[in-house]
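*Asks:* My file is upload-v5.cif. It has mmCIF, C-alpha atoms:
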data_data
loop_
_atom_site.label_atom_id
_atom_site.label_comp_id
_atom_site.auth_asym_id
_atom_site.auth_seq_id
_atom_site.Cartn_x
_atom_site.Cartn_y
_atom_site.Cartn_z
CA MET Q 1 -38.85 -32.49 2.66
CA LYS Q 2 -42.39 -31.15 2.30
CA ILE Q 3 -42.94 -27.65 0.89
CA TRP Q 4 -46.13 -25.57 0.73
CA TYR Q 5 -46.20 -23.48 -2.47
CA GLN Q 6 -48.53 -20.51 -2.07
CA SER Q 7 -49.89 -19.36 -5.42
CA TYR Q 8 -51.91 -16.15 -5.59
CA VAL Q 9 -54.10 -17.72 -8.28
CA ASP Q 10 -56.71 -20.36 -7.43
CA LEU Q 11 -57.30 -23.59 -9.32
CA GLU Q 12 -60.68 -22.48 -10.69
CA ASN Q 13 -59.21 -19.46 -12.48
CA GLY Q 14 -55.70 -20.73 -13.16
CA ALA Q 15 -55.91 -24.46 -13.90
CA THR Q 16 -53.72 -24.23 -17.02
CA TYR Q 17 -51.22 -22.01 -15.19
CA TRP Q 18 -51.05 -24.49 -12.30
CA GLU Q 19 -50.44 -27.29 -14.81
CA HIS Q 20 -47.39 -25.45 -16.20
CA LEU Q 21 -46.32 -24.34 -12.72
CA ARG Q 22 -46.38 -27.97 -11.59
CA LYS Q 23 -44.09 -28.91 -14.49
CA ASN Q 24 -41.65 -26.17 -13.44
CA LEU Q 25 -41.67 -27.35 -9.84
CA ASN Q 26 -41.34 -31.04 -10.74
CA ALA Q 27 -38.32 -30.28 -12.93
CA ALA Q 28 -36.62 -28.32 -10.14
CA MET Q 29 -37.34 -30.31 -6.97
CA SER Q 30 -34.73 -32.63 -5.53
CA PRO Q 31 -35.36 -36.35 -4.90
CA GLY Q 32 -37.33 -36.72 -1.68
CA THR Q 33 -38.96 -33.28 -1.96
CA THR Q 34 -42.72 -32.93 -2.34
CA VAL Q 35 -44.42 -29.66 -3.19
CA ASP Q 36 -48.12 -28.97 -2.69
CA ILE Q 37 -49.63 -25.97 -4.53
CA HIS Q 38 -52.26 -23.94 -2.69
CA GLY Q 39 -54.23 -20.98 -4.04
CA ILE Q 40 -56.01 -17.88 -2.80
CA THR Q 41 -59.69 -17.12 -3.41
CA PRO Q 42 -60.58 -14.50 -4.57
CA TYR Q 43 -57.35 -14.64 -6.52
CA ASP Q 44 -55.07 -11.69 -7.24
CA SER Q 45 -56.82 -10.45 -10.38
CA TYR Q 46 -56.17 -6.68 -10.22
CA ALA Q 47 -52.86 -4.85 -9.90
CA HIS Q 48 -53.28 -2.71 -6.79
CA PRO Q 49 -51.70 -2.54 -3.31
CA LEU Q 50 -55.12 -3.10 -1.69
CA VAL Q 51 -55.38 -6.49 -3.41
CA GLU Q 52 -51.81 -7.27 -2.35
CA PHE Q 53 -52.66 -6.65 1.31
CA ARG Q 54 -55.85 -8.73 1.10
CA CYS Q 55 -53.92 -11.65 -0.35
CA ALA Q 56 -51.08 -11.13 2.11
CA ARG Q 57 -53.41 -11.67 5.03
CA GLU Q 58 -54.58 -15.02 3.66
CA MET Q 59 -50.99 -15.99 2.84
CA ILE Q 60 -49.84 -15.30 6.42
CA ALA Q 61 -52.69 -17.39 7.82
CA ASN Q 62 -51.76 -20.19 5.40
CA VAL Q 63 -48.11 -20.04 6.48
CA VAL Q 64 -49.25 -20.71 10.06
CA LYS Q 65 -51.43 -23.55 8.79
CA ALA Q 66 -48.52 -25.01 6.82
CA GLU Q 67 -46.29 -25.10 9.88
CA ARG Q 68 -49.03 -26.70 11.99
CA GLU Q 69 -49.60 -29.35 9.30
CA GLY Q 70 -45.94 -30.35 9.31
CA TYR Q 71 -44.58 -28.59 6.22
CA ASP Q 72 -40.85 -27.86 6.29
CA ALA Q 73 -41.00 -24.57 4.37
CA VAL Q 74 -43.29 -22.23 2.45
CA VAL Q 75 -42.60 -20.64 -0.91
CA VAL Q 76 -44.61 -17.47 -1.48
CA GLY Q 77 -45.02 -17.77 -5.25
CA HIS Q 78 -45.91 -14.13 -5.81
CA PHE Q 79 -43.25 -11.65 -6.90
CA GLN Q 80 -44.63 -8.74 -4.87
CA ASP Q 81 -43.84 -10.63 -1.62
CA ALA Q 82 -46.64 -8.81 0.24
CA GLY Q 83 -46.64 -9.98 3.87
CA LEU Q 84 -43.32 -11.82 3.57
CA TYR Q 85 -41.65 -10.21 6.60
CA GLU Q 86 -44.80 -10.59 8.70
CA ALA Q 87 -45.04 -14.29 7.74
CA ARG Q 88 -41.48 -14.87 8.92
CA SER Q 89 -42.41 -13.32 12.26
CA VAL Q 90 -45.11 -15.91 13.04
CA VAL Q 91 -43.51 -19.27 12.16
CA ASP Q 92 -40.23 -21.08 12.70
CA ILE Q 93 -40.10 -22.78 9.29
CA PRO Q 94 -38.37 -21.00 6.36
CA VAL Q 95 -40.58 -18.69 4.28
CA ILE Q 96 -39.10 -17.86 0.87
CA GLY Q 97 -40.45 -14.99 -1.25
CA LEU Q 98 -40.35 -15.30 -5.04
CA GLY Q 99 -39.37 -11.65 -5.54
CA GLU Q 100 -36.65 -11.52 -2.90
CA ALA Q 101 -35.18 -14.91 -3.84
CA THR Q 102 -35.06 -14.06 -7.54
CA MET Q 103 -33.44 -10.66 -7.04
CA LEU Q 104 -30.82 -11.99 -4.64
CA TRP Q 105 -29.90 -14.88 -6.94
CA CYS Q 106 -29.73 -12.63 -9.98
CA CYS Q 107 -27.17 -10.45 -8.18
CA GLN Q 108 -24.80 -13.37 -8.82
CA LEU Q 109 -25.62 -13.41 -12.53
CA GLY Q 110 -25.01 -9.75 -13.31
CA GLN Q 111 -24.11 -6.44 -11.72
CA ARG Q 112 -27.20 -4.50 -12.81
CA LEU Q 113 -30.70 -5.96 -12.85
CA GLY Q 114 -33.91 -4.80 -14.47
CA ILE Q 115 -37.54 -5.79 -13.89
CA VAL Q 116 -40.40 -5.76 -16.39
CA THR Q 117 -43.68 -5.89 -14.49
CA ILE Q 118 -47.07 -6.64 -15.99
CA ASN Q 119 -48.83 -3.41 -14.98
CA PRO Q 120 -47.59 0.14 -14.29
CA ARG Q 121 -49.52 0.23 -11.01
CA PHE Q 122 -46.93 -2.25 -9.67
CA ILE Q 123 -43.94 0.04 -10.40
CA PRO Q 124 -44.08 1.97 -7.09
CA TRP Q 125 -44.51 -1.31 -5.21
CA PHE Q 126 -41.42 -2.78 -6.88
CA HIS Q 127 -39.34 0.27 -6.03
CA GLN Q 128 -40.40 -0.16 -2.39
CA GLN Q 129 -39.38 -3.84 -2.54
CA ILE Q 130 -36.02 -2.98 -4.08
CA GLY Q 131 -35.37 -0.46 -1.31
CA LYS Q 132 -36.44 -2.88 1.44
CA TYR Q 133 -34.01 -5.50 0.11
CA GLY Q 134 -31.17 -2.98 -0.05
CA LEU Q 135 -30.78 -3.36 -3.81
CA ARG Q 136 -31.24 0.16 -5.17
CA ASP Q 137 -27.70 0.11 -6.61
CA ARG Q 138 -28.27 -3.30 -8.23
CA VAL Q 139 -31.88 -3.24 -9.50
CA THR Q 140 -31.64 -0.05 -11.51
CA GLY Q 141 -34.63 -0.14 -13.85
CA VAL Q 142 -38.31 -1.10 -13.79
CA HIS Q 143 -40.43 -1.07 -16.95
CA SER Q 144 -43.97 -2.28 -17.47
CA LEU Q 145 -46.44 -4.01 -19.73
CA SER Q 146 -50.14 -3.13 -19.50
CA PHE Q 147 -51.91 -6.30 -18.37
CA GLU Q 148 -54.03 -7.23 -15.38
CA PRO Q 149 -52.75 -10.45 -13.75
CA GLY Q 150 -55.66 -12.52 -15.05
CA GLN Q 151 -55.21 -11.41 -18.65
CA ILE Q 152 -51.88 -13.17 -19.08
CA LEU Q 153 -53.52 -16.43 -17.99
CA GLY Q 154 -55.22 -16.38 -21.39
CA ALA Q 155 -51.85 -16.93 -23.08
CA TYR Q 156 -51.43 -20.32 -21.44
CA GLY Q 157 -52.14 -23.10 -23.88
CA ASP Q 158 -52.18 -20.62 -26.77
CA GLU Q 159 -48.81 -20.50 -28.53
CA GLU Q 160 -49.70 -17.46 -30.64
CA LYS Q 161 -50.74 -15.40 -27.60
CA ALA Q 162 -47.66 -16.54 -25.66
CA ILE Q 163 -45.38 -15.35 -28.47
CA GLU Q 164 -47.28 -12.05 -28.58
CA VAL Q 165 -46.81 -11.48 -24.83
CA LYS Q 166 -43.13 -12.41 -25.12
CA GLY Q 167 -42.71 -9.84 -27.90
CA LEU Q 168 -44.33 -7.12 -25.80
CA PHE Q 169 -42.12 -8.07 -22.86
CA ASP Q 170 -38.93 -8.04 -24.93
CA LYS Q 171 -39.85 -4.61 -26.30
CA GLN Q 172 -39.97 -3.23 -22.75
CA ALA Q 173 -36.75 -5.02 -21.80
CA GLU Q 174 -34.71 -3.78 -24.78
CA PRO Q 175 -34.21 -0.18 -23.55
CA LEU Q 176 -33.18 -1.53 -20.13
CA VAL Q 177 -30.49 -3.64 -21.75
CA GLU Q 178 -29.39 -0.69 -23.86
CA GLN Q 179 -28.99 1.28 -20.61
CA GLY Q 180 -26.65 -1.39 -19.21
CA ILE Q 181 -28.91 -3.94 -17.54
CA ASP Q 182 -27.21 -7.37 -17.33
CA VAL Q 183 -30.18 -9.51 -16.21
CA VAL Q 184 -33.91 -9.12 -16.90
CA ILE Q 185 -36.51 -10.35 -14.39
CA PRO Q 186 -40.19 -10.82 -15.27
CA GLY Q 187 -42.09 -9.24 -12.38
CA GLY Q 188 -44.43 -12.11 -11.58
CA GLY Q 189 -44.80 -15.87 -11.35
CA ILE Q 190 -47.38 -15.92 -14.16
CA PRO Q 191 -45.08 -14.38 -16.82
CA MET Q 192 -42.09 -16.36 -15.47
CA VAL Q 193 -43.85 -19.67 -16.03
CA LEU Q 194 -45.24 -18.51 -19.39
CA PHE Q 195 -41.77 -17.60 -20.67
CA SER Q 196 -40.18 -20.80 -19.35
CA GLN Q 197 -41.27 -22.50 -22.58
CA PHE Q 198 -38.79 -20.35 -24.52
CA GLN Q 199 -35.41 -22.02 -24.13
CA ASN Q 200 -32.54 -19.63 -23.36
CA HIS Q 201 -34.83 -16.61 -23.43
CA ASN Q 202 -32.65 -13.51 -23.49
CA VAL Q 203 -32.86 -9.92 -24.66
CA GLY Q 204 -29.71 -8.64 -26.33
CA GLY Q 205 -27.62 -11.18 -24.43
CA ALA Q 206 -29.22 -10.42 -21.05
CA PRO Q 207 -30.88 -13.58 -19.67
CA VAL Q 208 -34.58 -13.44 -18.79
CA ILE Q 209 -34.83 -15.29 -15.49
CA ASN Q 210 -37.50 -17.72 -14.32
CA GLY Q 211 -37.53 -17.35 -10.54
CA ILE Q 212 -39.78 -20.35 -9.80
CA PRO Q 213 -36.96 -22.94 -9.62
CA ILE Q 214 -34.78 -20.40 -7.80
CA ALA Q 215 -37.34 -19.92 -5.01
CA LEU Q 216 -37.88 -23.68 -4.69
CA LYS Q 217 -34.15 -24.40 -4.53
CA MET Q 218 -33.70 -21.66 -1.92
CA ALA Q 219 -36.47 -23.26 0.15
CA GLU Q 220 -34.75 -26.64 -0.07
CA MET Q 221 -31.44 -25.05 0.90
CA ALA Q 222 -33.02 -23.17 3.82
CA VAL Q 223 -34.49 -26.39 5.20
CA SER Q 224 -31.19 -28.26 4.78
CA LEU Q 225 -29.17 -25.48 6.45
CA LYS Q 226 -31.64 -25.28 9.35
CA GLN Q 227 -31.27 -29.03 9.86
CA LEU Q 228 -27.48 -28.71 9.69
CA THR Q 229 -27.00 -25.67 11.94
CA GLY Q 230 -30.24 -25.30 13.90
CA GLN Q 231 -30.36 -21.66 12.86
CA SER Q 232 -33.21 -19.78 11.21
CA VAL Q 233 -34.21 -16.13 10.80
CA SER Q 234 -33.06 -13.54 13.31
CA ARG Q 235 -35.49 -12.85 16.13
CA THR Q 236 -34.40 -9.24 16.38
CA GLY Q 237 -35.67 -6.40 14.21
CA ASP Q 238 -38.11 -7.27 11.45
CA TYR Q 239 -38.59 -10.92 12.42
CA VAL Q 240 -39.27 -10.69 16.17
CA LYS Q 241 -41.61 -13.62 16.88
CA ALA Q 242 -45.19 -12.62 17.61
CA PRO Q 243 -46.59 -14.04 20.90
CA PRO Q 244 -48.98 -17.02 20.47
CA GLU Q 245 -51.99 -15.00 21.62
CA VAL Q 246 -51.25 -12.29 19.05
CA ILE Q 247 -51.02 -14.90 16.29
CA GLU Q 248 -54.36 -16.40 17.38
CA GLU Q 249 -55.92 -12.94 17.46
CA PHE Q 250 -54.74 -12.35 13.89
CA LEU Q 251 -56.14 -15.70 12.73
CA THR Q 252 -59.53 -15.33 14.38
CA HIS Q 253 -60.40 -11.65 14.00
CA PRO Q 254 -60.79 -10.60 10.37
CA LYS Q 255 -63.23 -7.70 10.21
CA GLY Q 256 -65.34 -6.30 7.43
CA LEU Q 257 -67.74 -3.38 7.48
#
Can you turn what I pasted into structure tokens?
*Replies:*
Amino acid sequence: MKIWYQSYVDLENGATYWEHLRKNLNAAMSPGTTVDIHGITPYDSYAHPLVEFRCAREMIANVVKAEREGYDAVVVGHFQDAGLYEARSVVDIPVIGLGEATMLWCCQLGQRLGIVTINPRFIPWFHQQIGKYGLRDRVTGVHSLSFEPGQILGAYGDEEKAIEVKGLFDKQAEPLVEQGIDVVIPGGGIPMVLFSQFQNHNVGGAPVINGIPIALKMAEMAVSLKQLTGQSVSRTGDYVKAPPEVIEEFLTHPKGL
């Protein structure tokens, strides 16, 4: 099984992050699975929907490339899942989104979920995600730190900074737990991987979940189930397959000013 992992950080700006991400993926993958990490340049360095849409376009093009190069599945390793539904509408291989996969799995770990994102500009985006996934009654709180995505990269390889970021995160998670949250989700792959070094990380008994292994395992499962049943995503509604000429038009006609 060959899986394309789409990071929204590139190697030049996130080498230490990729090193820790690779350790997370290696620990989670099943025998016979290989995972190749690919980045986006310019990387997602500023918390804003415009950046999300720019990166989403490149991700969708890379999903097409992954299928054409023989990959069995793609993991979109970016919690915001921008372009996820569109990506599923252009390929026949499974496309797993980090945000969606983590939220759905966490519904089995607790009744009420909370998210702590890295920047308040992401809060409206997360509420839109939660609504799209039909989880408004399950994901009942979103709090925020005040970092740009690239700033947290500075905590990699620096134990003191990592502990500081963890403390700031836990401070935002505590009122969620006091309000009845059962499970806490870091709103991003970068904080998830950073916190994975803290064994049994929890806030007031509520586990803080690393979604990286969850997304990878869901990709492996999706491939296995497709091989077993022949079935994949529905081709009605959101995932109607785009015609080949429309896909080619998308790939070949980016426009600037």
*Asks:* With the PyMOL selection byres ((chain Q and resi 1-10) around 6) as the selection, what would be picked from this file? Answer as a compact mmCIF listing (two decimals) with C-alpha atoms, in the coordinates of the input, please.
*Replies:*
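The result, written out as selection.txt:
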# COMPACT_ATOMS: atom_id res chain seq x y z
CA LEU Q 11 -57.30 -23.59 -9.32
CA GLU Q 12 -60.68 -22.48 -10.69
CA ASN Q 13 -59.21 -19.46 -12.48
CA GLY Q 14 -55.70 -20.73 -13.16
CA THR Q 33 -38.96 -33.28 -1.96
CA THR Q 34 -42.72 -32.93 -2.34
CA VAL Q 35 -44.42 -29.66 -3.19
CA ASP Q 36 -48.12 -28.97 -2.69
CA ILE Q 37 -49.63 -25.97 -4.53
CA HIS Q 38 -52.26 -23.94 -2.69
CA GLY Q 39 -54.23 -20.98 -4.04
CA ILE Q 40 -56.01 -17.88 -2.80
CA THR Q 41 -59.69 -17.12 -3.41
CA TYR Q 43 -57.35 -14.64 -6.52
CA ASP Q 44 -55.07 -11.69 -7.24
CA TYR Q 71 -44.58 -28.59 6.22
CA ASP Q 72 -40.85 -27.86 6.29
CA ALA Q 73 -41.00 -24.57 4.37
CA VAL Q 74 -43.29 -22.23 2.45
CA VAL Q 75 -42.60 -20.64 -0.91
CA VAL Q 76 -44.61 -17.47 -1.48
CA GLY Q 77 -45.02 -17.77 -5.25
*Asks:* For region 108-121 of chain Q, please output as number ranges by chain all residues within 7 Å (counting all atoms listed in the file; exclusion window: fewer than 2 positions along the same chain).
*Replies:* Q: 47-48, 105-106, 123-124, 138-148, 172-173, 176, 181-188
*Asks:* The PyMOL selection byres ((chain Q and resi 81) around 12) on the file shown: which residues, as a count of residues only?
*Replies:* 44
*Asks:* From the list Q:Gly134, Q:Gly167, Q:Gly211, Q:Pro175, which residue is nearest Ala28 (chain Q) when using all atoms listed in the file?
*Replies:*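 So, comparing all the options, the nearest one is Q:Gly211.
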*Asks:* Convert the output of the PyMOL selection byres ((chain Q and resi 152) around 9) on the shown file into explicit residues, formatted as a PyMOL selection string.
*Replies:* chain Q and resi 118+147-151+153-156+161-162+165+190-191+194
*Asks:* For CA of Asp137 (chain Q) and CA of Val208 (chain Q), quote the distance in Å rounded to one decimal.
*Replies:*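 Taking CA of Asp137 (chain Q) as the start and CA of Val208 (chain Q) as the end point, the length is 19.5 Å.
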*Asks:* Mind pulling up the distance from CA of Ser30 (chain Q) to CA of Lys217 (chain Q)?
*Replies:* 8.3 Å
*Asks:* For Met221 (chain Q), which of Q:Met29, Q:Leu251, Q:Val246, Q:Leu21 is the closest residue, counting only C-alpha atoms?
*Replies:*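 Comparing Q:Met29, Q:Leu251, Q:Val246, Q:Leu21 against Met221 (chain Q), the winner is Q:Met29.
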*Asks:* Adding 3 Å on each side of the box along x, y and z that holds all listed atoms of region 114-118 of chain Q, could you give its centre and edge lengths in Å to one decimal, as lines of an AutoDock Vina configuration file?
*Replies:*
center_x = -40.5
center_y = -5.7
center_z = -15.1
size_x = 19.2
size_y = 7.8
size_z = 8.5
